[in-house]
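upload36.cif, holding mmCIF, C-alpha atoms:
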```cif
data_query
#
loop_
_atom_site.label_atom_id
_atom_site.label_comp_id
_atom_site.auth_asym_id
_atom_site.auth_seq_id
_atom_site.Cartn_x
_atom_site.Cartn_y
_atom_site.Cartn_z
CA MET A 145 -32.84 -8.84 -59.33
CA ILE A 146 -35.51 -6.23 -59.61
CA VAL A 147 -34.98 -2.97 -61.39
CA THR A 148 -37.16 0.07 -61.25
CA PRO A 149 -39.82 0.87 -62.21
CA LEU A 150 -42.30 -1.67 -60.94
CA PRO A 151 -44.77 -3.13 -63.41
CA SER A 152 -48.34 -1.93 -63.28
CA PHE A 153 -50.56 -3.78 -60.83
CA ASP A 154 -53.79 -2.33 -62.21
CA HIS A 155 -54.98 -5.59 -63.74
CA VAL A 156 -54.80 -7.50 -60.45
CA PRO A 157 -58.37 -7.89 -59.20
CA ASP A 158 -59.34 -6.93 -55.69
CA PRO A 159 -60.61 -9.92 -53.69
CA LEU A 160 -62.05 -7.60 -51.14
CA ASP A 161 -64.92 -5.47 -52.23
CA ARG A 162 -65.12 -2.32 -50.25
CA ALA A 163 -68.80 -1.76 -50.22
CA PRO A 164 -69.55 1.95 -50.24
CA GLY A 165 -70.85 3.19 -46.94
CA GLU A 166 -69.75 0.13 -44.98
CA LEU A 167 -68.80 1.50 -41.60
CA PRO A 168 -66.86 -0.40 -39.01
CA ARG A 169 -68.52 -0.95 -35.68
CA PRO A 170 -67.96 1.87 -33.17
CA LEU A 171 -65.37 1.58 -30.45
CA SER A 172 -66.49 -0.78 -27.75
CA GLU A 173 -64.26 0.81 -25.12
CA PRO A 174 -64.39 4.45 -24.08
CA LEU A 175 -61.32 6.52 -24.77
CA SER A 176 -59.97 6.62 -21.26
CA PRO A 177 -57.74 7.63 -19.68
CA ARG A 178 -57.75 10.87 -21.56
CA ALA A 179 -54.54 10.93 -23.53
CA PRO A 180 -52.27 13.99 -23.35
CA ASP A 181 -52.69 16.46 -26.15
CA ARG A 182 -49.89 18.26 -27.97
CA VAL A 183 -49.41 20.94 -25.35
CA GLN A 184 -49.21 18.44 -22.53
CA THR A 185 -46.88 16.22 -24.52
CA LYS A 186 -44.60 19.15 -25.25
CA ARG A 187 -44.46 20.03 -21.57
CA ARG A 188 -43.61 16.45 -20.66
CA ARG A 189 -40.78 16.39 -23.14
CA GLN A 190 -39.41 19.70 -21.96
CA ALA A 191 -39.57 18.54 -18.35
CA ALA A 192 -37.85 15.27 -19.25
CA SER A 193 -35.12 17.17 -21.08
CA TRP A 194 -34.45 19.50 -18.18
CA LEU A 195 -34.53 16.68 -15.66
CA SER A 196 -32.06 14.69 -17.74
CA VAL A 197 -29.67 17.61 -18.08
CA GLY A 198 -30.03 18.38 -14.39
CA TRP A 199 -29.34 14.76 -13.54
CA LEU A 200 -26.10 14.72 -15.49
CA VAL A 201 -24.97 18.15 -14.29
CA SER A 202 -25.67 17.32 -10.66
CA HIS A 203 -23.68 14.10 -10.87
CA LEU A 204 -20.82 15.90 -12.55
CA THR A 205 -20.90 18.47 -9.78
CA VAL A 206 -20.73 15.76 -7.13
CA PHE A 207 -18.02 13.73 -8.86
CA GLY A 208 -16.12 16.82 -9.94
CA VAL A 209 -14.73 18.11 -13.19
CA ARG A 210 -11.33 16.77 -14.23
CA HIS A 211 -8.52 19.05 -13.12
CA ASP A 212 -6.81 19.09 -16.53
CA LEU A 213 -9.90 20.14 -18.49
CA TRP A 214 -8.59 23.53 -19.53
CA SER A 215 -5.22 22.19 -20.57
CA LEU A 216 -6.44 19.38 -22.81
CA PRO A 217 -5.09 19.30 -26.35
CA PRO A 218 -7.72 20.56 -28.81
CA ALA A 219 -7.77 17.29 -30.74
CA TYR A 220 -8.37 15.27 -27.62
CA ALA A 221 -11.07 17.63 -26.38
CA ALA A 222 -12.71 17.52 -29.78
CA SER A 223 -12.75 13.73 -29.94
CA GLN A 224 -13.89 13.08 -26.39
CA ILE A 225 -16.10 16.05 -25.62
CA ALA A 226 -17.13 18.06 -28.67
CA ALA A 227 -17.70 15.11 -31.00
CA PRO A 228 -19.92 13.06 -28.69
CA PHE A 229 -21.80 16.23 -27.77
CA ALA A 230 -22.53 16.91 -31.44
CA LEU A 231 -23.38 13.26 -32.04
CA ALA A 232 -25.75 13.26 -29.07
CA LEU A 233 -27.62 16.33 -30.27
CA GLY A 234 -27.69 15.05 -33.83
CA SER A 235 -28.97 11.64 -32.76
CA LEU A 236 -31.81 13.06 -30.73
CA TYR A 237 -32.70 15.51 -33.50
CA VAL A 238 -32.85 12.79 -36.15
CA ALA A 239 -34.75 10.45 -33.86
CA LEU A 240 -37.42 13.00 -33.06
CA ARG A 241 -37.87 14.94 -36.28
CA PRO A 242 -41.29 14.24 -37.81
CA GLY A 243 -40.20 13.91 -41.42
CA ARG A 244 -42.35 14.53 -44.45
CA TRP A 245 -45.07 12.04 -43.60
CA GLY A 246 -45.01 12.38 -39.82
CA LEU A 247 -43.21 9.04 -39.62
CA GLY A 248 -39.76 10.40 -38.92
CA SER A 249 -36.55 10.36 -40.88
CA SER A 250 -35.86 7.54 -43.28
CA THR A 251 -35.09 4.19 -41.69
CA ALA A 252 -31.72 4.12 -43.42
CA ALA A 253 -30.69 7.44 -41.90
CA VAL A 254 -31.89 6.47 -38.45
CA ALA A 255 -30.24 3.06 -38.52
CA SER A 256 -27.00 4.48 -39.84
CA LEU A 257 -26.78 6.99 -37.06
CA ALA A 258 -27.91 4.54 -34.38
CA ILE A 259 -25.02 2.28 -35.32
CA GLY A 260 -22.60 4.90 -36.56
CA GLY A 261 -22.80 7.22 -33.57
CA PRO A 262 -21.58 4.75 -30.95
CA ALA A 263 -19.15 3.21 -33.44
CA ALA A 264 -17.68 6.58 -34.26
CA PHE A 265 -17.22 7.39 -30.60
CA GLY A 266 -15.53 4.04 -30.07
CA LEU A 267 -13.18 4.62 -32.97
CA LEU A 268 -12.39 8.08 -31.68
CA ALA A 269 -11.60 6.53 -28.33
CA LEU A 270 -9.17 4.06 -29.88
CA ALA A 271 -7.61 6.68 -32.10
CA SER A 272 -7.31 9.34 -29.45
CA ARG A 273 -3.83 10.53 -28.63
CA ALA A 274 -3.55 10.68 -24.89
CA PRO A 275 -2.55 14.06 -23.46
CA LEU A 276 0.99 14.49 -22.25
CA ARG A 277 -0.08 13.72 -18.72
CA ALA A 278 -2.03 10.57 -19.43
CA GLY A 279 -3.90 9.30 -16.44
CA THR A 280 -3.18 5.69 -15.65
CA ASP A 281 -4.40 3.32 -13.03
CA ALA A 282 -2.75 0.49 -11.23
CA GLU A 283 -5.85 -1.59 -11.90
CA PRO A 284 -6.99 -0.69 -15.40
CA LEU A 285 -9.79 -3.23 -15.50
CA LEU A 286 -11.28 -1.93 -12.27
CA ALA A 287 -11.03 1.63 -13.53
CA ALA A 288 -12.81 0.75 -16.75
CA VAL A 289 -15.57 -1.09 -14.91
CA VAL A 290 -16.04 1.83 -12.53
CA CYS A 291 -16.45 4.25 -15.42
CA SER A 292 -18.73 1.84 -17.22
CA ASP A 293 -20.92 1.49 -14.14
CA LEU A 294 -21.05 5.23 -13.73
CA MET A 295 -22.09 5.62 -17.35
CA LEU A 296 -24.88 3.09 -16.98
CA VAL A 297 -26.21 4.81 -13.87
CA TRP A 298 -25.99 8.22 -15.47
CA MET A 299 -27.86 6.95 -18.53
CA SER A 300 -30.63 5.30 -16.55
CA ALA A 301 -32.58 8.38 -15.50
CA PRO A 302 -32.54 10.05 -18.93
CA LEU A 303 -33.62 6.79 -20.55
CA PHE A 304 -36.44 6.45 -18.07
CA ALA A 305 -37.42 10.05 -18.72
CA ALA A 306 -37.37 9.41 -22.45
CA ALA A 307 -39.58 6.35 -22.06
CA PHE A 308 -42.10 8.49 -20.19
CA ALA A 309 -41.95 11.61 -22.34
CA LEU A 310 -41.82 9.85 -25.71
CA ARG A 311 -44.55 7.29 -25.12
CA ARG A 312 -46.23 6.24 -28.37
CA ALA A 313 -44.07 8.75 -30.26
CA PHE A 314 -42.79 6.41 -32.97
CA ALA A 315 -45.27 4.96 -35.41
CA ALA A 316 -42.70 3.62 -37.86
CA ALA A 317 -39.23 2.14 -37.46
CA ALA A 318 -39.75 2.27 -33.71
CA VAL A 319 -36.87 -0.06 -32.88
CA TRP A 320 -34.28 1.94 -34.78
CA ARG A 321 -35.57 5.26 -33.52
CA SER A 322 -35.57 3.97 -29.95
CA ALA A 323 -32.01 2.79 -30.48
CA LEU A 324 -31.11 6.25 -31.70
CA VAL A 325 -32.63 7.82 -28.59
CA GLY A 326 -30.62 5.40 -26.47
CA SER A 327 -27.51 6.27 -28.44
CA GLY A 328 -28.14 9.98 -27.95
CA VAL A 329 -28.63 9.55 -24.21
CA GLY A 330 -25.49 7.42 -24.03
CA LEU A 331 -23.43 9.96 -25.90
CA ALA A 332 -24.65 12.73 -23.60
CA SER A 333 -23.52 10.62 -20.65
CA ALA A 334 -20.22 10.05 -22.45
CA VAL A 335 -19.69 13.80 -22.58
CA THR A 336 -20.34 13.97 -18.87
CA ILE A 337 -17.92 11.19 -18.04
CA SER A 338 -15.29 12.77 -20.28
CA LEU A 339 -15.62 15.97 -18.29
CA HIS A 340 -14.91 14.02 -15.12
CA CYS A 341 -12.60 11.14 -15.95
CA ALA A 342 -8.94 12.02 -16.52
CA ASN A 343 -7.92 8.55 -17.64
CA ALA A 344 -6.91 8.98 -21.26
CA ASP A 345 -5.83 5.44 -22.04
CA PRO A 346 -7.54 4.46 -25.32
CA ILE A 347 -8.54 1.03 -24.02
CA HIS A 348 -10.07 2.63 -20.94
CA LEU A 349 -11.98 5.06 -23.14
CA LEU A 350 -13.23 2.22 -25.33
CA VAL A 351 -14.30 -0.10 -22.52
CA GLY A 352 -15.33 2.37 -19.87
CA HIS A 353 -16.80 5.18 -21.95
CA ALA A 354 -17.72 3.97 -25.44
CA THR A 355 -19.05 0.49 -24.73
CA PRO A 356 -21.83 1.71 -22.41
CA VAL A 357 -23.04 4.00 -25.21
CA ALA A 358 -23.52 0.98 -27.43
CA ALA A 359 -25.16 -0.89 -24.55
CA GLY A 360 -27.59 1.95 -24.04
CA SER A 361 -28.52 1.92 -27.69
CA VAL A 362 -29.14 -1.82 -27.63
CA PHE A 363 -31.11 -1.60 -24.39
CA ALA A 364 -33.31 1.12 -25.80
CA ALA A 365 -33.92 -0.91 -28.94
CA LEU A 366 -34.84 -4.07 -27.09
CA VAL A 367 -36.66 -2.74 -24.02
CA VAL A 368 -37.61 0.92 -24.29
CA THR A 369 -39.22 0.40 -27.70
CA ARG A 370 -42.31 -1.10 -26.12
CA TRP A 371 -43.16 2.30 -24.63
CA LEU A 372 -42.09 4.38 -27.60
CA ARG A 373 -43.89 2.46 -30.33
CA ALA A 374 -47.29 3.82 -31.33
CA MET B 252 -47.64 4.00 -63.28
CA ILE B 253 -45.47 2.49 -60.61
CA GLY B 254 -47.29 -0.17 -58.59
CA GLY B 255 -50.62 0.43 -60.28
CA GLY B 256 -53.25 3.10 -60.19
CA ILE B 257 -52.64 6.67 -59.24
CA ALA B 258 -50.46 6.98 -56.18
CA ARG B 259 -52.64 9.01 -53.87
CA ASP B 260 -50.05 10.57 -51.63
CA PRO B 261 -51.80 12.64 -49.00
CA ARG B 262 -51.37 16.37 -49.17
CA PRO B 263 -50.79 17.76 -45.70
CA GLY B 264 -53.44 20.04 -44.34
CA GLU B 265 -55.81 19.85 -47.29
CA ASP B 266 -57.71 16.80 -46.28
CA PRO B 267 -60.59 17.19 -43.79
CA ILE B 268 -59.25 14.14 -41.99
CA ASP B 269 -55.95 15.92 -41.47
CA ARG B 270 -57.76 18.89 -40.00
CA ALA B 271 -59.78 16.59 -37.76
CA MET B 272 -56.63 14.91 -36.53
CA ASN B 273 -54.96 18.23 -35.84
CA ARG B 274 -57.96 19.32 -33.82
CA TYR B 275 -57.95 16.03 -31.97
CA ALA B 276 -54.23 16.26 -31.25
CA ASP B 277 -54.79 19.75 -29.86
CA GLY B 278 -57.29 18.34 -27.37
CA ASP B 279 -60.63 18.66 -29.15
CA ASP B 280 -62.20 15.33 -28.20
CA GLY B 281 -65.19 16.09 -30.38
CA ALA B 282 -63.04 15.68 -33.48
CA PHE B 283 -62.74 11.95 -32.85
CA ALA B 284 -66.06 11.17 -34.47
CA ASP B 285 -64.95 12.84 -37.70
CA LEU B 286 -61.66 11.02 -37.51
CA PHE B 287 -63.28 7.64 -37.03
CA ALA B 288 -65.78 8.21 -39.79
CA GLY B 289 -63.06 9.32 -42.19
CA LEU B 290 -60.37 6.79 -41.40
CA GLY B 291 -62.32 3.81 -40.12
CA PRO B 292 -63.48 2.23 -43.37
CA ARG B 293 -60.13 2.63 -45.06
CA LEU B 294 -58.13 1.26 -42.15
CA ARG B 295 -60.57 -1.58 -41.71
CA ALA B 296 -60.15 -2.57 -45.34
CA PHE B 297 -56.38 -2.43 -44.96
CA LEU B 298 -56.47 -4.60 -41.86
CA ARG B 299 -58.86 -7.00 -43.48
CA ARG B 300 -56.54 -7.45 -46.43
CA LEU B 301 -53.64 -8.09 -44.08
CA SER B 302 -55.42 -10.44 -41.73
CA GLY B 303 -57.92 -12.07 -44.08
CA SER B 304 -60.64 -11.98 -41.44
CA ALA B 305 -63.39 -9.42 -40.87
CA ASP B 306 -63.56 -10.20 -37.16
CA VAL B 307 -59.83 -9.83 -36.68
CA ALA B 308 -59.88 -6.63 -38.71
CA ASP B 309 -62.62 -5.20 -36.49
CA ASP B 310 -60.64 -6.00 -33.37
CA LEU B 311 -57.47 -4.57 -34.83
CA LEU B 312 -59.30 -1.44 -35.87
CA GLN B 313 -60.43 -0.90 -32.31
CA GLU B 314 -56.88 -1.33 -31.10
CA THR B 315 -55.60 1.02 -33.80
CA PHE B 316 -57.85 3.86 -32.75
CA LEU B 317 -57.05 3.31 -29.10
CA ARG B 318 -53.37 3.62 -29.93
CA MET B 319 -54.01 6.67 -32.06
CA HIS B 320 -55.81 8.22 -29.12
CA ALA B 321 -52.90 7.43 -26.80
CA ALA B 322 -50.42 8.83 -29.31
CA ARG B 323 -52.35 11.91 -30.38
CA GLY B 324 -50.02 14.26 -28.54
CA ALA B 325 -47.14 12.99 -30.63
CA PHE B 326 -48.86 13.58 -33.96
CA ALA B 327 -46.79 16.13 -35.87
CA ARG B 328 -48.61 19.30 -36.81
CA GLY B 329 -49.03 19.88 -40.51
CA ARG B 330 -48.37 16.28 -41.49
CA PRO B 331 -50.91 13.97 -43.16
CA VAL B 332 -52.66 11.59 -40.83
CA LEU B 333 -53.03 8.73 -43.29
CA PRO B 334 -49.44 7.39 -43.28
CA TRP B 335 -49.34 7.72 -39.52
CA ALA B 336 -52.61 5.86 -39.12
CA TYR B 337 -51.53 3.14 -41.53
CA ALA B 338 -48.29 2.66 -39.61
CA ILE B 339 -50.14 2.29 -36.32
CA ALA B 340 -52.61 -0.14 -37.88
CA ARG B 341 -49.72 -2.16 -39.22
CA ASN B 342 -48.13 -2.20 -35.77
CA CYS B 343 -51.37 -3.50 -34.28
CA TYR B 344 -51.53 -6.28 -36.82
CA ILE B 345 -47.94 -7.33 -36.20
CA SER B 346 -48.37 -7.18 -32.42
CA GLN B 347 -51.50 -9.27 -32.58
CA ALA B 348 -49.89 -11.84 -34.81
CA ARG B 349 -46.81 -12.13 -32.62
CA SER B 350 -48.72 -12.29 -29.36
CA ALA B 351 -50.95 -15.00 -30.77
CA ARG B 352 -47.78 -16.90 -31.68
CA VAL B 353 -49.02 -17.48 -35.16
CA ARG B 354 -47.09 -17.04 -38.27
CA LEU B 355 -47.90 -13.90 -40.14
CA GLU B 356 -50.16 -15.67 -42.52
CA ARG B 357 -53.76 -15.16 -43.21
CA ALA B 358 -56.49 -17.58 -43.96
CA ALA B 359 -57.86 -17.60 -47.45
CA THR B 360 -61.28 -18.26 -46.08
CA GLY B 361 -62.97 -17.06 -49.15
CA GLU B 362 -65.17 -14.75 -47.12
CA ALA B 363 -63.78 -11.77 -48.97
CA VAL B 364 -64.54 -13.39 -52.27
CA LEU B 365 -68.09 -14.03 -51.23
CA GLU B 366 -68.50 -10.28 -50.95
CA ALA B 367 -67.02 -9.58 -54.34
CA ALA B 368 -69.35 -7.23 -56.03
CA ALA B 369 -71.45 -8.78 -58.72
CA GLY B 370 -70.51 -7.03 -61.89
CA ALA B 371 -72.77 -5.83 -64.54
CA GLY B 372 -71.62 -8.61 -66.85
CA THR B 373 -73.02 -11.97 -67.61
CA GLN B 374 -73.12 -14.82 -65.16
CA GLU B 375 -70.13 -16.36 -66.88
CA GLN B 376 -68.16 -13.14 -66.61
CA ASP B 377 -69.04 -12.85 -62.95
CA GLY B 378 -67.92 -16.40 -62.41
CA ILE B 379 -64.60 -15.75 -64.08
CA ALA B 380 -64.13 -12.60 -62.04
CA ARG B 381 -64.89 -14.52 -58.89
CA GLN B 382 -62.35 -17.21 -59.78
CA MET B 383 -59.70 -14.60 -60.45
CA ALA B 384 -60.44 -12.91 -57.14
CA GLU B 385 -60.21 -16.28 -55.40
CA ALA B 386 -56.86 -16.88 -57.01
CA VAL B 387 -55.56 -13.52 -55.81
CA ASP B 388 -56.92 -14.21 -52.35
CA ARG B 389 -55.16 -17.56 -52.17
CA ALA B 390 -51.96 -16.08 -53.49
CA LEU B 391 -52.03 -13.33 -50.87
CA ALA B 392 -52.68 -15.90 -48.16
CA GLY B 393 -49.72 -18.00 -49.22
CA MET B 394 -47.05 -15.33 -49.36
CA THR B 395 -45.05 -13.78 -46.54
CA ALA B 396 -46.56 -10.95 -44.56
CA ALA B 397 -43.86 -8.56 -45.73
CA ARG B 398 -44.67 -9.16 -49.38
CA ARG B 399 -48.38 -9.06 -48.75
CA GLU B 400 -48.33 -5.73 -46.98
CA ALA B 401 -46.08 -4.22 -49.65
CA PHE B 402 -48.43 -5.29 -52.42
CA VAL B 403 -51.57 -4.32 -50.53
CA MET B 404 -50.26 -0.84 -49.81
CA LEU B 405 -49.23 -0.20 -53.40
CA ARG B 406 -52.09 -1.88 -55.26
CA TYR B 407 -55.15 -1.56 -53.07
CA GLU B 408 -54.38 1.32 -50.74
CA GLY B 409 -52.96 3.50 -53.50
CA LEU B 410 -49.91 4.64 -51.58
CA SER B 411 -46.72 5.71 -53.24
CA VAL B 412 -43.56 3.66 -52.90
CA ALA B 413 -41.99 6.34 -50.73
CA THR B 414 -44.92 6.49 -48.33
CA ALA B 415 -45.39 2.73 -48.17
CA ALA B 416 -41.69 2.25 -47.47
CA GLN B 417 -41.86 4.72 -44.59
CA ILE B 418 -44.88 2.94 -43.16
CA ALA B 419 -43.19 -0.44 -43.39
CA GLY B 420 -39.95 0.95 -42.02
CA VAL B 421 -37.84 -0.23 -44.94
CA SER B 422 -36.05 1.34 -47.84
CA GLU B 423 -37.87 2.03 -51.09
CA GLY B 424 -35.74 -0.55 -52.83
CA ALA B 425 -36.62 -3.23 -50.31
CA LEU B 426 -40.31 -2.42 -50.60
CA LYS B 427 -40.18 -2.61 -54.37
CA ILE B 428 -38.52 -6.00 -54.20
CA ARG B 429 -41.20 -7.28 -51.85
CA ALA B 430 -44.00 -5.92 -54.01
CA PHE B 431 -42.43 -7.33 -57.14
CA HIS B 432 -42.12 -10.81 -55.65
CA ALA B 433 -45.72 -10.59 -54.48
CA TYR B 434 -46.80 -9.57 -57.93
CA GLU B 435 -44.93 -12.50 -59.48
CA ILE B 436 -46.73 -14.90 -57.17
CA ILE B 437 -50.10 -13.37 -57.99
CA ARG B 438 -49.37 -13.28 -61.69
CA ALA B 439 -48.51 -16.96 -61.64
CA ALA B 440 -51.73 -17.70 -59.79
CA LEU B 441 -53.74 -15.71 -62.31
CA ALA B 442 -51.98 -17.42 -65.19
CA GLU B 443 -53.06 -20.78 -63.81
CA GLN B 444 -56.64 -19.57 -63.83
CA THR B 445 -56.50 -18.47 -67.43
CA ALA B 446 -54.63 -21.51 -68.70
CA PRO B 447 -56.86 -23.81 -70.76
CA PRO B 448 -57.78 -26.97 -68.83
CA THR B 449 -56.24 -30.26 -69.86
CA PRO B 450 -58.63 -32.96 -70.97
CA ALA B 451 -58.16 -34.66 -67.64
CA GLU B 452 -59.01 -31.50 -65.74
CA ALA B 453 -61.93 -30.80 -67.97
CA GLY B 454 -63.37 -34.17 -67.11
CA ALA B 455 -62.53 -33.96 -63.42
CA GLY B 456 -65.46 -31.76 -62.50
CA SER B 457 -65.59 -29.32 -59.55
CA ARG B 458 -62.56 -27.35 -58.38
CA SER B 459 -61.08 -27.63 -54.87
CA ASN B 460 -62.80 -25.80 -52.01
CA PRO B 461 -61.08 -22.44 -51.41
CA GLY B 462 -61.96 -22.63 -47.74
CA SER B 463 -59.45 -25.37 -47.22
CA ALA B 464 -56.50 -23.17 -48.17
CA THR B 465 -53.73 -22.04 -45.85
CA ALA B 466 -54.89 -21.45 -42.30
CA TYR B 467 -53.17 -19.73 -39.41
CA GLY B 468 -50.19 -21.60 -38.13
CA SER B 469 -50.20 -24.29 -40.79
#
```
As C-alpha cells, the full file:
Amino acid sequence: MIVTPLPSFDHVPDPLDRAPGELPRPLSEPLSPRAPDRVQTKRRRQAASWLSVGWLVSHLTVFGVRHDLWSLPPAYAASQIAAPFALALGSLYVALRPGRWGLGSSTAAVASLAIGGPAAFGLLALASRAPLRAGTDAEPLLAAVVCSDLMLVWMSAPLFAAAFALRRAFAAAAVWRSALVGSGVGLASAVTISLHCANADPIHLLVGHATPVAAGSVFAALVVTRWLRA
Amino acid sequence: MIGGGIARDPRPGEDPIDRAMNRYADGDDGAFADLFAGLGPRLRAFLRRLSGSADVADDLLQETFLRMHAARGAFARGRPVLPWAYAIARNCYISQARSARVRLERAATGEAVLEAAAGAGTQEQDGIARQMAEAVDRALAGMTAARREAFVMLRYEGLSVATAAQIAGVSEGALKIRAFHAYEIIRAALAEQTAPPTPAEAGAGSRSNPGSATAYGS
C-alpha cells in the first residue's frame, strides 16, 4: 500500500536524450478541412441546445401535458420534475466545464454524477408516493414499454445534436464525460415524459422513465464517445 | 519533491504557447507554426517514451496535431495548452495501440539508448551511464502502459501529480500508485546493474543484447 508522498525520481536516468533543437518533421498532410474556431463552435453548441429543447417541447406539445399537472403533490412534483431537471442541468454543466487545466472536472466527480444521476432518479421513482389519483393501466408492461420507447426517441435527437456540437470536446476522461452528457440528455427527456405521463406507479416510473436514462448514459459512453473524444 | 524534479505546472496565459493556442483557437491559422514549433519537440519526446519508437512517435505526433486542429474550437480560453495537448497525444497513442491490436507495450529496441548523450566523464563513466539507461529502458518496456505513462509524466515530463492524473483520467491516488510501482520496477532494474557480478558472471563475458528485449505483442 502506497502512502504519500512519492519518493524522489530524480536519480532515475533518462534513456531518451532530448537533443536540443531536434525538431519533428513537419505535418505531411495539410490541415483540411478547416476546423471550426471558437466562435463557430459556440454557435454550433447554441444551435444544438435550442434544437434539443425545441425537439422536446414540440413532442410534449403534440403528446400533451398531463391533466393533473397543477394538482400534483409538491413532493411528487419535486421528485419527478424538479429533481431530474436540476440533475440534467447539473450533469451537463459538470460535463462541459473546462476545469483548471482545460481537461474538465475531475474524473471522480464526473463518474460519480454519471452513475449517481440516473441512480438517484431511479431511487426517487421507487420511493415516490403516488398522488391520490394514481394512474394505472390494465397492461402495465405495455405502458412501461411505451413510455420507455418514447423516452428513447425523445433522447435520440438531442444525443445526435450533442455528438455534432461537442465533437472533439473531451481530451481527458472522454468516456465518463460522454456518459454524463448522455445522462443529462436522458434526464431532460425524463422531465418531459413526467410532464406528459400521468402514470404514477413506482414500477412504471422505474422501468418506463428511469431505465431509459441509464440506457442513454451507457449508449453515450459506448458509442457517442468516439465523436466526443479529442 | 514529489515524483522528482520541479513540477512544472503550466501557468495559464503566461506561456507564449498558450497565447499561440488561443490565437489558433480563435481562427488565426498563422499561429499554427508557433504552436508546432513550441509543442512539437516536447510531445514527440513524450510519445517516443510511450511508444519506444521514433517512427511511431513521428506518426503519432502528426495525428496529435491533426486532432488538436480538429478540436481547436473546444479549447477553453485562458487554460494552459500543455495538459490538453498531452491528453490528446496520449489518446492518439492508445488509439493506435488498440487499433493495431497490440498490447500496450513498447519495444526496448535500444535506439533511445544509442542516442544517450555522451557525458563529459570518462569512457568508463559513459559506459556505466549507458548501462543504467539501458536498464531503465528495458524496465519501462516491460511494465504496463498505465505505469509507464504515470512515471514518464512525473519523471521526464515534469508534470505535477494533479495535472498528470487529469491527463490520464484517473484519481491522484491511482496515479501515485502506478508511478510508485513503476519506480519500484525501475529501482530493482537499476539495483541489478549496480550489484557486483558473481564470479560466474564475471567470467561469462558479454552481456545479453538489449535489442532482443520485449517486442510488441510478445
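In this structure, the chain A residues at most 6 Å away from chain B are Leu150, Ser152, Phe153, Asp154, Pro157, Pro159, Leu160, Asp161, Leu167, Leu171, Ala179, Pro180, Asp181, Arg182, Thr185, Trp245, Gly246, Thr251, Arg312, Ala313, Ala315, Ala316, Ala317 and Ala374 of chain A, with all atoms listed in the file considered.
The two atoms in question, atom CA of His211 of chain A and atom CA of Asn343 of chain A, are spaced 11.4 Å apart.
Proximity to Ala354 of chain A was assessed for A:Leu324, A:Leu366, A:Cys291, A:Val297 counting only C-alpha atoms; the smallest distance is recorded for A:Cys291.
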Subject >> Shell around segment 260-273 of chain A at 7 Å using all atoms listed in the file, local window under 6 positions removed, as an MDAnalysis selection string >> reply: chainID A and resid 220 223 228 231 327 346:347 349:350 354 357:358
**OP:** Work out how far atom CA of Ser322 of chain A is from atom CA of Phe363 of chain A, in Å to one decimal.
**Re:** 9.0 Å
**OP:** Tell me, in Å to one decimal, how far atom CA of Thr336 of chain A is from atom CA of Trp371 of chain A.
**Re:**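 Atom CA of Trp371 of chain A lies 26.3 Å from atom CA of Thr336 of chain A.
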